[in-house]
Each structure stands twice: as structure tokens, then as C-alpha cells.
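Engineer: Next comes the structure file upload-v9.tsv, holding TSV, C-alpha atoms.
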chain	number	residue	atom	x	y	z
A	1	MET	CA	10.96	19.06	-14.05
A	2	ASN	CA	12.15	20.06	-10.57
A	3	TRP	CA	9.85	18.50	-7.97
A	4	LYS	CA	11.53	20.20	-5.03
A	5	THR	CA	8.89	21.91	-2.87
A	6	ARG	CA	8.68	22.73	0.82
A	7	VAL	CA	6.71	19.49	1.23
A	8	SER	CA	9.33	17.28	-0.43
A	9	GLU	CA	12.07	19.00	1.59
A	10	LEU	CA	10.11	18.77	4.85
A	11	LEU	CA	9.44	15.05	4.44
A	12	GLY	CA	12.69	14.10	2.72
A	13	ILE	CA	10.98	12.61	-0.33
A	14	GLN	CA	11.63	12.79	-4.07
A	15	TYR	CA	8.11	13.64	-5.19
A	16	PRO	CA	5.54	15.59	-3.14
A	17	ILE	CA	3.02	12.74	-3.30
A	18	ILE	CA	1.51	11.35	-0.08
A	19	GLN	CA	-0.55	8.20	0.32
A	20	GLY	CA	-3.63	8.63	2.50
A	21	GLY	CA	-4.27	6.79	5.76
A	22	LEU	CA	-6.83	4.34	4.27
A	23	ALA	CA	-8.48	2.60	7.22
A	24	TYR	CA	-7.91	-1.18	7.24
A	25	LEU	CA	-5.84	-0.97	4.03
A	26	ALA	CA	-2.75	1.17	4.67
A	27	TYR	CA	-0.23	-1.35	5.89
A	28	ALA	CA	3.47	-2.02	5.38
A	29	GLU	CA	3.35	-3.35	1.83
A	30	LEU	CA	1.53	-0.35	0.38
A	31	ALA	CA	3.37	2.21	2.52
A	32	ALA	CA	6.78	0.84	1.58
A	33	ALA	CA	5.89	0.70	-2.11
A	34	VAL	CA	4.88	4.38	-2.12
A	35	SER	CA	7.98	5.43	-0.20
A	36	ASN	CA	10.27	3.36	-2.43
A	37	ALA	CA	8.69	5.01	-5.48
A	38	GLY	CA	9.64	8.45	-4.18
A	39	GLY	CA	6.55	9.52	-2.23
A	40	LEU	CA	5.50	9.24	1.39
A	41	GLY	CA	3.73	6.00	2.27
A	42	GLN	CA	1.71	5.71	5.45
A	43	ILE	CA	0.42	2.98	7.72
A	44	THR	CA	-2.86	3.31	9.58
A	45	ALA	CA	-2.57	3.15	13.36
A	46	MET	CA	-6.15	3.02	14.56
A	47	SER	CA	-7.09	0.07	12.33
A	48	LEU	CA	-4.65	-2.09	14.28
A	49	GLU	CA	-5.76	-4.00	17.35
A	50	THR	CA	-3.02	-2.99	19.79
A	51	PRO	CA	0.00	-0.70	20.11
A	52	GLU	CA	2.13	-3.83	19.84
A	53	ARG	CA	0.67	-4.51	16.40
A	54	LEU	CA	1.53	-0.97	15.39
A	55	LYS	CA	5.11	-1.53	16.51
A	56	GLU	CA	5.27	-4.70	14.41
A	57	GLU	CA	3.92	-2.85	11.38
A	58	ILE	CA	6.47	-0.05	11.80
A	59	HIS	CA	9.27	-2.62	11.94
A	60	LYS	CA	7.90	-4.32	8.84
A	61	VAL	CA	7.89	-1.05	6.90
A	62	ARG	CA	11.51	-0.49	7.88
A	63	GLU	CA	12.38	-3.95	6.60
A	64	LEU	CA	10.84	-3.06	3.23
A	65	THR	CA	12.17	0.47	2.79
A	66	ASP	CA	14.87	2.81	4.07
A	67	LYS	CA	12.85	5.83	2.91
A	68	PRO	CA	10.71	8.12	5.09
A	69	PHE	CA	7.16	6.99	5.89
A	70	GLY	CA	4.30	8.16	8.05
A	71	VAL	CA	1.81	6.82	10.58
A	72	ASN	CA	-1.75	8.07	10.24
A	73	PHE	CA	-4.04	8.53	13.23
A	74	ALA	CA	-7.79	8.70	12.58
A	75	ILE	CA	-8.48	10.22	15.97
A	76	GLY	CA	-12.21	10.70	15.48
A	77	GLN	CA	-13.12	7.01	15.50
A	78	HIS	CA	-15.75	6.07	18.09
A	79	GLY	CA	-14.34	4.58	21.26
A	80	ARG	CA	-10.74	4.18	20.11
A	81	PRO	CA	-8.23	5.70	22.55
A	82	TYR	CA	-5.11	6.59	20.62
A	83	LYS	CA	-2.58	7.83	23.17
A	84	GLU	CA	-0.87	4.46	23.66
A	85	PHE	CA	-0.65	4.06	19.88
A	86	LEU	CA	0.86	7.53	19.52
A	87	GLN	CA	3.35	6.82	22.30
A	88	THR	CA	4.43	3.75	20.35
A	89	ALA	CA	5.01	5.88	17.24
A	90	ILE	CA	7.01	8.35	19.34
A	91	ASP	CA	9.08	5.59	20.95
A	92	GLU	CA	9.78	4.17	17.50
A	93	ASN	CA	10.81	7.63	16.28
A	94	VAL	CA	8.71	7.46	13.12
A	95	PRO	CA	9.53	10.24	10.64
A	96	VAL	CA	5.99	11.59	10.15
A	97	VAL	CA	2.65	11.51	11.95
A	98	SER	CA	-0.56	12.61	10.26
A	99	MET	CA	-3.82	13.35	12.04
A	100	THR	CA	-7.31	13.11	10.63
A	101	GLY	CA	-10.64	13.84	12.33
A	102	GLY	CA	-11.22	14.97	15.88
A	103	ASN	CA	-9.27	17.46	17.96
A	104	PRO	CA	-5.51	17.08	17.41
A	105	SER	CA	-4.47	19.31	20.34
A	106	PRO	CA	-3.66	16.41	22.74
A	107	MET	CA	-1.52	14.81	20.05
A	108	PHE	CA	0.50	18.00	19.65
A	109	GLU	CA	1.10	18.01	23.40
A	110	MET	CA	2.46	14.47	23.28
A	111	LEU	CA	4.63	15.26	20.25
A	112	LYS	CA	6.30	18.28	21.86
A	113	GLY	CA	10.06	17.94	21.86
A	114	SER	CA	10.16	15.23	19.20
A	115	ALA	CA	11.55	15.63	15.69
A	116	ILE	CA	8.50	13.94	14.17
A	117	LYS	CA	6.91	15.95	11.36
A	118	LYS	CA	3.24	16.73	11.97
A	119	LEU	CA	0.63	16.79	9.20
A	120	VAL	CA	-3.03	17.62	9.84
A	121	LEU	CA	-5.92	16.89	7.48
A	122	VAL	CA	-8.38	19.79	7.34
A	123	ALA	CA	-11.53	20.54	5.37
A	124	ALA	CA	-11.91	24.27	5.98
A	125	LYS	CA	-9.76	27.40	6.08
A	126	ARG	CA	-10.47	27.96	9.77
A	127	GLN	CA	-9.23	24.45	10.58
A	128	ALA	CA	-6.03	25.07	8.63
A	129	VAL	CA	-5.36	28.28	10.55
A	130	LYS	CA	-5.93	26.46	13.85
A	131	ALA	CA	-3.62	23.61	12.82
A	132	GLU	CA	-0.86	26.10	12.06
A	133	GLU	CA	-1.38	27.75	15.46
A	134	LEU	CA	-1.05	24.35	17.14
A	135	GLY	CA	2.26	23.73	15.42
A	136	ALA	CA	1.47	21.67	12.32
A	137	ASP	CA	4.35	21.44	9.85
A	138	ALA	CA	1.91	21.23	6.93
A	139	VAL	CA	-1.81	20.88	6.32
A	140	MET	CA	-3.50	18.40	3.99
A	141	VAL	CA	-6.62	20.09	2.63
A	142	VAL	CA	-9.45	17.80	1.50
A	143	GLY	CA	-12.37	19.00	-0.59
A	144	ALA	CA	-15.84	17.58	-1.04
A	145	GLU	CA	-14.70	15.29	-3.90
A	146	GLY	CA	-12.63	13.19	-1.53
A	147	GLY	CA	-13.35	9.71	-0.25
A	148	GLY	CA	-13.94	8.81	3.38
A	149	HIS	CA	-14.58	11.52	5.95
A	150	LEU	CA	-15.00	15.06	4.66
A	151	GLY	CA	-15.83	18.53	5.89
A	152	LYS	CA	-19.36	19.72	6.53
A	153	ASP	CA	-19.23	22.67	4.12
A	154	ASP	CA	-19.21	20.84	0.77
A	155	ILE	CA	-16.44	23.00	-0.66
A	156	GLY	CA	-14.54	21.56	-3.61
A	157	THR	CA	-10.80	20.98	-3.45
A	158	PHE	CA	-9.95	23.50	-6.15
A	159	VAL	CA	-11.82	26.30	-4.42
A	160	LEU	CA	-10.53	25.39	-0.98
A	161	ILE	CA	-6.82	25.09	-1.85
A	162	PRO	CA	-6.15	28.73	-2.83
A	163	GLN	CA	-8.18	29.95	0.15
A	164	VAL	CA	-6.00	27.96	2.53
A	165	VAL	CA	-2.78	28.86	0.71
A	166	ASP	CA	-3.63	32.53	1.28
A	167	ALA	CA	-4.51	31.96	4.94
A	168	VAL	CA	-1.48	30.04	6.27
A	169	SER	CA	2.29	30.24	5.95
A	170	ILE	CA	3.01	26.51	6.27
A	171	PRO	CA	2.96	24.23	3.21
A	172	VAL	CA	-0.40	23.10	1.85
A	173	ILE	CA	-1.03	19.61	0.46
A	174	ALA	CA	-4.05	19.13	-1.81
A	175	SER	CA	-6.34	16.15	-1.25
A	176	GLY	CA	-9.61	15.08	-2.85
A	177	GLY	CA	-10.29	14.54	-6.55
A	178	ILE	CA	-6.63	13.98	-7.45
A	179	GLY	CA	-5.72	10.75	-9.20
A	180	ASP	CA	-3.30	11.58	-11.99
A	181	GLY	CA	-0.57	13.98	-13.03
A	182	ARG	CA	-2.98	16.54	-14.40
A	183	GLY	CA	-4.63	16.88	-11.00
A	184	MET	CA	-1.22	17.15	-9.39
A	185	ALA	CA	-0.09	19.88	-11.80
A	186	ALA	CA	-3.34	21.78	-11.25
A	187	ALA	CA	-2.97	21.59	-7.46
A	188	LEU	CA	0.56	22.96	-7.66
A	189	CYS	CA	-0.64	25.79	-9.89
A	190	LEU	CA	-3.14	26.72	-7.18
A	191	GLY	CA	-0.35	27.07	-4.64
A	192	ALA	CA	-0.31	23.62	-3.06
A	193	GLU	CA	3.15	22.12	-2.62
A	194	GLY	CA	2.14	18.49	-2.70
A	195	VAL	CA	-0.80	16.14	-3.10
A	196	GLU	CA	-2.35	13.39	-1.01
A	197	MET	CA	-4.22	10.52	-2.68
A	198	GLY	CA	-6.27	7.80	-1.03
A	199	THR	CA	-8.72	6.21	-3.47
A	200	ARG	CA	-6.20	6.01	-6.32
A	201	PHE	CA	-3.73	4.06	-4.21
A	202	ILE	CA	-6.37	1.45	-3.37
A	203	ALA	CA	-6.43	0.43	-7.04
A	204	THR	CA	-2.80	-0.68	-7.06
A	205	GLU	CA	-1.13	-4.07	-6.90
A	206	GLU	CA	0.48	-3.40	-3.53
A	207	CYS	CA	-2.81	-2.59	-1.80
A	208	ILE	CA	-3.01	-6.30	-1.10
A	209	HIS	CA	-5.76	-6.17	1.53
A	210	ALA	CA	-8.35	-4.63	-0.80
A	211	SER	CA	-10.65	-7.25	-2.32
A	212	PRO	CA	-10.82	-7.73	-6.10
A	213	ALA	CA	-14.47	-6.64	-5.89
A	214	TYR	CA	-13.48	-3.36	-4.25
A	215	LYS	CA	-10.82	-2.63	-6.85
A	216	GLN	CA	-13.15	-3.60	-9.68
A	217	ALA	CA	-15.81	-1.24	-8.33
A	218	LEU	CA	-13.27	1.58	-8.51
A	219	ILE	CA	-12.44	0.73	-12.12
A	220	SER	CA	-15.98	0.17	-13.39
A	221	GLY	CA	-17.66	2.99	-11.47
A	222	SER	CA	-17.89	6.62	-12.47
A	223	GLU	CA	-17.66	9.86	-10.53
A	224	SER	CA	-21.45	9.63	-10.11
A	225	ASP	CA	-21.25	6.29	-8.30
A	226	THR	CA	-20.43	7.64	-4.86
A	227	VAL	CA	-22.71	8.86	-2.08
A	228	VAL	CA	-22.18	10.83	1.11
A	229	ILE	CA	-23.34	8.99	4.21
A	230	LYS	CA	-23.39	9.99	7.90
A	231	ARG	CA	-24.48	13.59	7.26
A	232	SER	CA	-27.14	13.22	9.94
A	233	LEU	CA	-24.40	12.37	12.46
A	234	GLY	CA	-22.40	15.48	11.59
A	235	SER	CA	-19.53	13.47	10.10
A	236	PRO	CA	-20.20	13.23	6.34
A	237	ALA	CA	-18.17	10.65	4.45
A	238	ARG	CA	-18.07	9.57	0.80
A	239	ALA	CA	-18.43	5.90	-0.16
A	240	ILE	CA	-19.15	3.77	-3.21
A	241	SER	CA	-22.88	3.65	-3.83
A	242	ASN	CA	-24.30	0.14	-3.28
A	243	CYS	CA	-27.25	-1.55	-1.63
A	244	TRP	CA	-25.64	-1.20	1.81
A	245	THR	CA	-25.21	2.57	1.51
A	246	ASP	CA	-28.82	2.70	0.26
A	247	GLN	CA	-29.86	1.19	3.60
A	248	ILE	CA	-27.74	3.71	5.51
A	249	LEU	CA	-29.25	6.65	3.64
A	250	SER	CA	-32.75	5.28	4.17
A	251	LEU	CA	-32.15	5.01	7.92
A	252	GLU	CA	-30.77	8.54	8.00
A	253	LYS	CA	-33.82	9.83	6.14
A	254	GLU	CA	-36.01	8.19	8.78
A	255	GLY	CA	-34.13	10.06	11.49
A	256	ALA	CA	-32.15	7.14	12.90
A	257	GLY	CA	-29.52	8.13	15.45
A	258	TYR	CA	-26.08	6.67	16.02
A	259	GLU	CA	-27.33	3.65	17.97
A	260	LYS	CA	-29.50	2.51	15.05
A	261	LEU	CA	-26.81	3.32	12.50
A	262	LYS	CA	-23.71	2.05	14.25
A	263	ASP	CA	-23.81	-1.52	12.90
A	264	HIS	CA	-24.29	-0.25	9.36
A	265	ILE	CA	-21.40	2.24	9.52
A	266	SER	CA	-19.05	0.17	11.65
A	267	GLY	CA	-15.55	-0.93	10.84
A	268	GLU	CA	-16.85	-4.48	10.60
A	269	ALA	CA	-19.32	-3.49	7.87
A	270	ASN	CA	-16.50	-1.65	6.11
A	271	LYS	CA	-14.27	-4.73	6.23
A	272	LYS	CA	-16.97	-7.03	4.88
A	273	PHE	CA	-16.85	-5.16	1.60
A	274	ILE	CA	-13.23	-4.05	1.34
A	275	TYR	CA	-11.85	-7.44	2.45
A	276	ASP	CA	-14.51	-9.92	1.35
A	277	GLY	CA	-16.32	-8.06	-1.43
A	278	LYS	CA	-19.73	-8.58	0.21
A	279	ASN	CA	-21.73	-5.89	-1.54
A	280	GLU	CA	-24.90	-6.63	0.42
A	281	GLU	CA	-23.23	-6.62	3.83
A	282	GLY	CA	-20.83	-3.69	3.77
A	283	PHE	CA	-19.41	-0.60	2.12
A	284	GLY	CA	-16.15	0.86	0.86
A	285	TRP	CA	-14.89	4.42	0.98
A	286	ALA	CA	-14.11	6.13	-2.33
A	287	GLY	CA	-13.84	9.61	-3.76
A	288	GLN	CA	-15.23	10.95	-7.01
A	289	VAL	CA	-11.79	10.40	-8.50
A	290	MET	CA	-12.88	6.81	-9.13
A	291	GLY	CA	-14.20	8.21	-12.41
A	292	LEU	CA	-10.55	8.57	-13.49
A	293	ILE	CA	-9.43	5.07	-12.50
A	294	ASP	CA	-9.22	2.43	-15.23
A	295	ASP	CA	-6.40	0.10	-14.19
A	296	ILE	CA	-4.61	-1.51	-11.24
A	297	PRO	CA	-0.91	-0.79	-11.78
A	298	PRO	CA	2.06	-1.32	-9.50
A	299	VAL	CA	2.60	1.74	-7.30
A	300	LYS	CA	5.85	2.67	-9.02
A	301	GLU	CA	4.23	2.59	-12.44
A	302	LEU	CA	1.38	4.78	-11.21
A	303	MET	CA	3.71	7.34	-9.67
A	304	ASP	CA	6.10	7.41	-12.62
A	305	ARG	CA	3.12	7.98	-14.89
A	306	MET	CA	1.80	10.76	-12.66
A	307	VAL	CA	5.12	12.56	-12.57
A	308	LYS	CA	5.51	12.31	-16.36
A	309	GLN	CA	1.97	13.56	-16.93
A	310	ALA	CA	2.39	16.44	-14.49
A	311	ALA	CA	5.64	17.44	-16.18
A	312	GLU	CA	3.92	17.40	-19.58
A	313	ALA	CA	1.12	19.57	-18.22
A	314	GLY	CA	3.71	22.00	-16.85
A	315	SER	CA	5.55	22.06	-20.18
A	316	MET	CA	2.31	22.82	-21.99
A	317	TRP	CA	1.69	25.75	-19.65
A	318	CYS	CA	5.18	27.11	-20.35
A	319	LYS	CA	4.54	26.74	-24.09
A	320	TRP	CA	1.32	28.76	-23.85
A	321	GLU	CA	3.07	31.47	-21.85
A	322	ASN	CA	5.83	31.76	-24.47
A	323	GLU	CA	3.46	32.01	-27.43
Turn this file's structure into C-alpha cells for me.
Structural biologist:
Amino acid sequence: MNWKTRVSELLGIQYPIIQGGLAYLAYAELAAAVSNAGGLGQITAMSLETPERLKEEIHKVRELTDKPFGVNFAIGQHGRPYKEFLQTAIDENVPVVSMTGGNPSPMFEMLKGSAIKKLVLVAAKRQAVKAEELGADAVMVVGAEGGGHLGKDDIGTFVLIPQVVDAVSIPVIASGGIGDGRGMAAALCLGAEGVEMGTRFIATEECIHASPAYKQALISGSESDTVVIKRSLGSPARAISNCWTDQILSLEKEGAGYEKLKDHISGEANKKFIYDGKNEEGFGWAGQVMGLIDDIPPVKELMDRMVKQAAEAGSMWCKWENE
């Protein structure tokens, strides 16, 4: 099957499969593995302590792969200035920058004149249109099934994708609820030209920073074992349901504001679960796609399997059309 799309051509990759930013998890080992397997791996900028650490991580990726990779900027995080980090990515001439959360306009200003490809994660048609106006090279469109931070409208990926495809002229990348080749084939049928996956890439051998407990939760849990927290703050996000998220939801129900919630939803609480597996002291992001995860393969095995499965789904469609 020919996997050449505008996304694969834009990014210089074999398969139009992109690994999500994954706060505190998307580092050189995972990014390089995805890129070496034919997709676009990414490292997370705002989970690093300093711009110097980002520079080190970029150099490490380049030691592990000669393929294109991206740097993700979660620009909506509380109190984290990103301009020095972005300047580091510009100085290092990274191939791709992706932006999630917050207002990306200042980033576009800084990226003017560079050859860096610009991807923007959106959760609504209006956001996609705005991203195109700002100069995005492609939009990654996440539906309500996704893990981590989502849109406020609770629109599913497979309703949102065709709406955005019809509204913009730049390539659309589907995100949320995609974890195998069938989801990839379906997204392409809806007009997307690539897919982004976050949760599925956590349950891989090369996601070395994720605790065994986190990965096991993804395998043993179902699509019903996630909850959306932070709705009361206007920034809904999907996580694995556990006793810690129960506390967060209880506080939100009581009307707690950010000051009362901040320790429960902090990066430190996130790391206590994803790094140390402390179920009673922290939480881990995950999408409903965890209901499709039943193993922890090497990245290359996962991607080869996805591509084969997507090709088989496409062949089946051609067979039906010819009958």
C-alpha cells in the first residue's frame, strides 16, 4: 500500500504516524525509536528543567537517529515560560515543532523565517481554521476520546475529522482513539492524511520512563476506566481512573478552585504515578484507546503491525467495492 500523503511528504517520513508530546515521557529514546521505525517521534520541551536540557535531548535524539523528529511545546502549562525553550529549538534547527494548548500566535512570530514545520493540536473546527490563518503547516485534531488535555466541546474524533477536513486546506492529522491499523485506515478514509498517537506509544518498550504500573494499567484497563478531570478549570483532560482522580473529582464537585486543586493536578502528582507507580499519590494521562491495548511491544513491531493492519483494512474496502 502506498503511504505517501501530504503529511508524510511534509515531514519527510515513511509512514504518516506521529508520536504525541507525552509530558514527562517523550524523550530521546522513544522519539528516536518512532522516527527510526518510519514515523515522526517527538521530545517534550516543557517537561525539561532548562533550555540547556532541551539542547542536550535534541543532541541525544540526533545521536540515535538520522530521521526527522519533532519538539512538542505544551504552551498552556501554568507558569512555564517557553520562549527560551523555543529559541533553543530554532537555534538547533529542529525539523518540526508542534504546539499544544494555549495561544500559539507568539510561537508563530518567533518561527517566522525558519524552515521548521509547524503542527498545531486543535480540538475544534474554529481552532483549526485559526491555526491555518496563523501559518500552520498541518493541524492535529484531537477528539474527546483522547488522553491528556482535550477540547471543551466533547466532540468525538470521527465526527470532528471530516468537519475539519472540509474547513481547511492544509493537511489534517487525526488524534484521539487511534491505537491500531484499523483506526489509522478509518482516519484516512475520513480525509485525514496521518494519525497522532499518545497513549499507545506509552505501552511500548522504548517508553522507558513510564513505570511498569502505568503500563500495566493501560493493558488491564478498559475504555471505561478513564475519567475527565479539570472540567471546572476550563481545561478538561482525560486520565486513568484511580483513587487520586476520585479525590480530584470530589474537590471539583465541591467547587474547589485552582489553588485548592493545584497540588492534586500538578506535574509532581503526575510523575508520582507515571514514574513511581504510586496509585494513591498521583495520576496518569490516558485515552479511551487503552481498551485496545493488550501488550507492550517494541515501537518498530507496533508500527509494522499497524501498517500491515491498515493495509489489510484498505484491501478489504477495495474488495467490497469490486464485488
Engineer: In Å, rounded to a single decimal, give me how far CA of Ala131 in chain A is from CA of Arg6 in chain A.
Structural biologist: 17.2 Å
Engineer: Measuring atom to atom with all atoms listed in the file, identify which of A:Val34, A:Ile17, A:Ile296, A:Leu54 is nearest to Tyr214 in chain A.
Structural biologist: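 Of all the options, A:Ile296 lies closest to Tyr214 in chain A.
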Engineer: When you draw a straight line from CA of Val289 in chain A to CA of Lys117 in chain A, how long is it in Å?
Structural biologist: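 We find that CA of Val289 in chain A and CA of Lys117 in chain A lie 27.8 Å from each other.
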Engineer: Residues of range 109-152 of chain A that have any atom at most 8 Å from an atom of range 77-100 of chain A: could you tabulate them with the shortest-distance atom pair and the distance in Å to one decimal, using only C-alpha atoms, ordered by chain and increasing number, as JSON lines?
Structural biologist:
{"residue": "A:Met110", "atom": "CA", "partner": "A:Gln87", "partner_atom": "CA", "distance": 7.8}
{"residue": "A:Leu111", "atom": "CA", "partner": "A:Ile90", "partner_atom": "CA", "distance": 7.4}
{"residue": "A:Ser114", "atom": "CA", "partner": "A:Ile90", "partner_atom": "CA", "distance": 7.6}
{"residue": "A:Ala115", "atom": "CA", "partner": "A:Pro95", "partner_atom": "CA", "distance": 7.7}
{"residue": "A:Ile116", "atom": "CA", "partner": "A:Pro95", "partner_atom": "CA", "distance": 5.2}
{"residue": "A:Lys117", "atom": "CA", "partner": "A:Val96", "partner_atom": "CA", "distance": 4.6}
{"residue": "A:Lys118", "atom": "CA", "partner": "A:Val97", "partner_atom": "CA", "distance": 5.3}
{"residue": "A:Leu119", "atom": "CA", "partner": "A:Ser98", "partner_atom": "CA", "distance": 4.5}
{"residue": "A:Val120", "atom": "CA", "partner": "A:Met99", "partner_atom": "CA", "distance": 4.9}
{"residue": "A:Leu121", "atom": "CA", "partner": "A:Thr100", "partner_atom": "CA", "distance": 5.1}
{"residue": "A:Val122", "atom": "CA", "partner": "A:Thr100", "partner_atom": "CA", "distance": 7.5}
Engineer: Pick from A:Cys207, A:Ile18, A:Leu11, A:Val164: nearest to Met303 in chain A, with all atoms listed in the file counted?
Structural biologist: A:Ile18
Engineer: Between CA of Leu292 in chain A and CA of Ser266 in chain A, what is the distance in Å, rounded to a tenth?
Structural biologist: 27.8 Å
Engineer: Write out as number ranges by chain which residues come within 10 Å of Glu281 in chain A when counting only C-alpha atoms, dropping same-chain ones fewer than 4 positions away.
Structural biologist: A: 242-245, 264, 268-273, 276-277
Engineer: (-4.3, 28.2, -5.3) in this file's frame - what residues fall within 12 Å of it? Use only C-alpha atoms and give the answer as a PyMOL selection string.
Structural biologist: chain A and resi 141+157-167+171-174+185-194
Engineer: From the options A:Leu150, A:Ile202, A:Ala237, A:Met290, which residue's atoms come nearest to Tyr27 in chain A, counting all atoms listed in the file?
Structural biologist: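 Result for the nearest residue to Tyr27 in chain A: A:Ile202.
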Engineer: Could you give me, as a PyMOL selection string, the residues that have an atom at most 7 Å away from the point (-10.1, 5.1, -10.5) in the coordinates of the file, using all atoms listed in the file?
Structural biologist: chain A and resi 200+203+218-219+289-294
Engineer: Neighbouring residues of Val299 in chain A were defined as those with any atom within 8 Å, considering only C-alpha atoms; residues of the same chain fewer than 5 positions away were excluded. Please report them as a list of chain:residue names.
Structural biologist: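 Contacts, in chain order: A:Ala33, A:Val34, A:Ala37, A:Phe201, A:Thr204, A:Glu205, A:Glu206.
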Engineer: Find the residues around Leu22 in chain A up to 8 Å (all atoms listed in the file counted), leave out those fewer than 2 positions away in its own chain, and share them as JSON, numbers by chain.
Structural biologist: {"A": [20, 24, 25, 26, 44, 198]}
Engineer: Return range 249-270 of chain A, completed with N, CA and C atoms, as a compact mmCIF listing (two decimals), keeping the file's coordinate frame.
Structural biologist:
# COMPACT_ATOMS: atom_id res chain seq x y z
N LEU A 249 -28.57 5.41 3.99
CA LEU A 249 -29.25 6.65 3.64
C LEU A 249 -30.72 6.60 3.99
N SER A 250 -31.33 5.43 3.82
CA SER A 250 -32.75 5.28 4.17
C SER A 250 -32.95 5.46 5.67
N LEU A 251 -32.06 4.85 6.47
CA LEU A 251 -32.15 5.01 7.92
C LEU A 251 -31.95 6.47 8.33
N GLU A 252 -31.01 7.12 7.68
CA GLU A 252 -30.77 8.54 8.00
C GLU A 252 -31.99 9.38 7.66
N LYS A 253 -32.62 9.08 6.54
CA LYS A 253 -33.82 9.83 6.14
C LYS A 253 -34.94 9.65 7.15
N GLU A 254 -34.98 8.48 7.77
CA GLU A 254 -36.01 8.19 8.78
C GLU A 254 -35.69 8.81 10.13
N GLY A 255 -34.50 9.40 10.24
CA GLY A 255 -34.13 10.06 11.49
C GLY A 255 -33.41 9.17 12.48
N ALA A 256 -32.86 8.05 12.01
CA ALA A 256 -32.15 7.14 12.90
C ALA A 256 -30.93 7.82 13.50
N GLY A 257 -30.70 7.59 14.78
CA GLY A 257 -29.52 8.13 15.45
C GLY A 257 -28.35 7.16 15.37
N TYR A 258 -27.29 7.49 16.08
CA TYR A 258 -26.08 6.67 16.02
C TYR A 258 -26.33 5.23 16.43
N GLU A 259 -27.12 5.01 17.48
CA GLU A 259 -27.33 3.65 17.97
C GLU A 259 -27.95 2.75 16.90
N LYS A 260 -28.87 3.31 16.11
CA LYS A 260 -29.50 2.51 15.05
C LYS A 260 -28.60 2.38 13.82
N LEU A 261 -27.68 3.33 13.67
CA LEU A 261 -26.81 3.32 12.50
C LEU A 261 -25.48 2.61 12.72
N LYS A 262 -25.09 2.44 13.96
CA LYS A 262 -23.71 2.05 14.25
C LYS A 262 -23.29 0.73 13.61
N ASP A 263 -24.19 -0.25 13.53
CA ASP A 263 -23.81 -1.52 12.90
C ASP A 263 -23.63 -1.37 11.40
N HIS A 264 -24.39 -0.46 10.81
CA HIS A 264 -24.29 -0.25 9.36
C HIS A 264 -23.03 0.52 8.97
N ILE A 265 -22.55 1.39 9.87
CA ILE A 265 -21.40 2.24 9.52
C ILE A 265 -20.13 1.80 10.25
N SER A 266 -20.17 0.63 10.84
CA SER A 266 -19.05 0.17 11.65
C SER A 266 -17.85 -0.26 10.82
N GLY A 267 -16.73 -0.39 11.49
CA GLY A 267 -15.55 -0.93 10.84
C GLY A 267 -15.77 -2.34 10.33
N GLU A 268 -16.58 -3.10 11.05
CA GLU A 268 -16.85 -4.48 10.60
C GLU A 268 -17.61 -4.48 9.28
N ALA A 269 -18.58 -3.59 9.15
CA ALA A 269 -19.32 -3.49 7.87
C ALA A 269 -18.39 -3.02 6.76
N ASN A 270 -17.50 -2.11 7.08
CA ASN A 270 -16.50 -1.65 6.11
C ASN A 270 -15.64 -2.81 5.63
